[in-house]
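**Student:** Right, I'll just put the structure down here and ask away after.
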Amino acid sequence: MSKGIDYSKWDNIEDSDEEDEKPKQPAARPPAAAATAAEEGGGQKLTEAQKKELIENHPEVAAKAGLMPQTQKNKKDSKRKQYLHQGQMIYEWEQGLDEINIYIQPPPGITAQMFDIEIKADHLMVGIKGNPERYLNHTTWGRVKCSESFWTLEDSELHLTMTKLDKGTPWDAALQGHEPLDPLAKQEIRGDIMRERFAEEHPGFDFSNATFNGNVPDPSKF
């Protein structure tokens, strides 16, 4: 993202396609001591440096430790991933066999009629009508089916649903230029998608507790 960006105010956003084209390197995993302390002590045993690292690079661990707020829906659905910028949550996202879902908390008072949203085959734009600056203006990680993609505003939460062009293909991130999933999360996502594929191909059977030995196969090629 470009310098000076302020995600907290939708009317004062600066963004650039030039920097979006530069993929970020995966952040280092938190030290084992920090993760253990976060889980056992709810964040109380962490140093300020460890807290900062967890918030910036591993928001889900930080949220569970009480170091940052979670949305009401996220508390109920731990499968959502968070994208943060300078410690602020920009959006949450999750994926399944067919879809990518992005969740955004807009400013108070914003109605559905005020949004300016475009979902293209390989690009997502989210903004407010009449405002040239955009909240999101990025290339999607993979290609989507525009005709089967849509968005809604429910309970003051913006929900964007993008249908994958390549069914079953796991995405490493919702948008290019944003931090990709770490190796462990990638395996977890692959497992979830594989179980969803099994359930679709074998209706009536419960695969929710199915496990995999070793690396999970690619759901798009299995």
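Chain identifiers are assigned as A, B, and so on, following the order in which chains appear in the structure tokens; residues are numbered from 1 within each chain, and ligands are numbered from 1 in order of appearance.
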Run DSSP on the backbone of this structure and report the residues of segment 45-206 of chain A it assigns to helix (DSSP H, G or I), as a count of residues only.
**Tutor:** 43
**Student:** With only C-alpha atoms as the counted atoms, please give the residues lying no more than 6 Å from segment 141-146 of chain A, apart from itself and same-chain residues fewer than 6 positions off, as a ChimeraX atom specification.
**Tutor:** /A:120-122,163-165,174-176
**Student:** Write a file of the just-selected residues containing N, CA, C and O atoms, as an mmCIF file, in the first residue's frame.
**Tutor:**
data_model
loop_
_atom_site.group_PDB
_atom_site.id
_atom_site.type_symbol
_atom_site.label_atom_id
_atom_site.label_comp_id
_atom_site.auth_asym_id
_atom_site.auth_seq_id
_atom_site.Cartn_x
_atom_site.Cartn_y
_atom_site.Cartn_z
ATOM 1 N N LYS A 120 -14.871 -7.544 -10.853
ATOM 2 C CA LYS A 120 -14.506 -7.963 -12.198
ATOM 3 C C LYS A 120 -13.821 -9.323 -12.154
ATOM 4 O O LYS A 120 -13.612 -9.883 -11.081
ATOM 5 N N ALA A 121 -13.470 -9.832 -13.304
ATOM 6 C CA ALA A 121 -12.895 -11.173 -13.387
ATOM 7 C C ALA A 121 -11.617 -11.318 -12.580
ATOM 8 O O ALA A 121 -11.324 -12.391 -12.048
ATOM 9 N N ASP A 122 -10.847 -10.252 -12.466
ATOM 10 C CA ASP A 122 -9.595 -10.323 -11.726
ATOM 11 C C ASP A 122 -9.328 -9.065 -10.910
ATOM 12 O O ASP A 122 -8.179 -8.747 -10.602
ATOM 13 N N THR A 163 -17.421 -15.731 -6.646
ATOM 14 C CA THR A 163 -17.407 -17.133 -7.037
ATOM 15 C C THR A 163 -16.124 -17.453 -7.807
ATOM 16 O O THR A 163 -15.791 -16.778 -8.780
ATOM 17 N N LYS A 164 -15.411 -18.451 -7.379
ATOM 18 C CA LYS A 164 -14.152 -18.823 -8.010
ATOM 19 C C LYS A 164 -14.378 -19.322 -9.437
ATOM 20 O O LYS A 164 -15.299 -20.105 -9.691
ATOM 21 N N LEU A 165 -13.548 -18.875 -10.344
ATOM 22 C CA LEU A 165 -13.597 -19.401 -11.707
ATOM 23 C C LEU A 165 -13.116 -20.848 -11.724
ATOM 24 O O LEU A 165 -13.683 -21.690 -12.413
ATOM 25 N N ALA A 174 -6.947 -13.178 -0.269
ATOM 26 C CA ALA A 174 -8.118 -12.705 -1.002
ATOM 27 C C ALA A 174 -7.702 -11.772 -2.128
ATOM 28 O O ALA A 174 -8.249 -11.833 -3.238
ATOM 29 N N LEU A 175 -6.688 -10.921 -1.854
ATOM 30 C CA LEU A 175 -6.261 -9.913 -2.810
ATOM 31 C C LEU A 175 -4.751 -9.950 -2.956
ATOM 32 O O LEU A 175 -4.020 -10.158 -1.985
ATOM 33 N N GLN A 176 -4.280 -9.727 -4.150
ATOM 34 C CA GLN A 176 -2.843 -9.720 -4.396
ATOM 35 C C GLN A 176 -2.202 -8.516 -3.716
ATOM 36 O O GLN A 176 -2.785 -7.439 -3.626
#
**Student:** Using only C-alpha atoms, which of A:Gly191, A:Asn209, A:Asn101, A:Val126 sits nearest Met114 of chain A?
**Tutor:**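 Closest to Met114 of chain A, using only C-alpha atoms: A:Val126.
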**Student:** May I ask which of the residues A:Asp155, A:Glu196, A:Glu179, A:Asp206 is the closest one to Pro108 of chain A, counting only C-alpha atoms?
**Tutor:**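 Selected residue with least distance to Pro108 of chain A: A:Asp155.
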**Student:** In terms of the shortest atom-to-atom distance over only C-alpha atoms, which of A:Asn215, A:Gln88, A:Ser156, A:Gln82 is closest to Met194 of chain A?
**Tutor:**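 Distance minimum relative to Met194 of chain A lands on A:Asn215.
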**Student:** Give me, please, the distance in Å between atom CA of Asn131 of chain A and atom CA of Thr161 of chain A, quoted to one decimal.
**Tutor:**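 Atom CA of Asn131 of chain A sits 23.2 Å away from atom CA of Thr161 of chain A.
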**Student:** Atom CA of Thr169 of chain A and atom CA of Gln187 of chain A, how far apart in Å?
**Tutor:**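 These atoms are spaced 12.6 Å apart.
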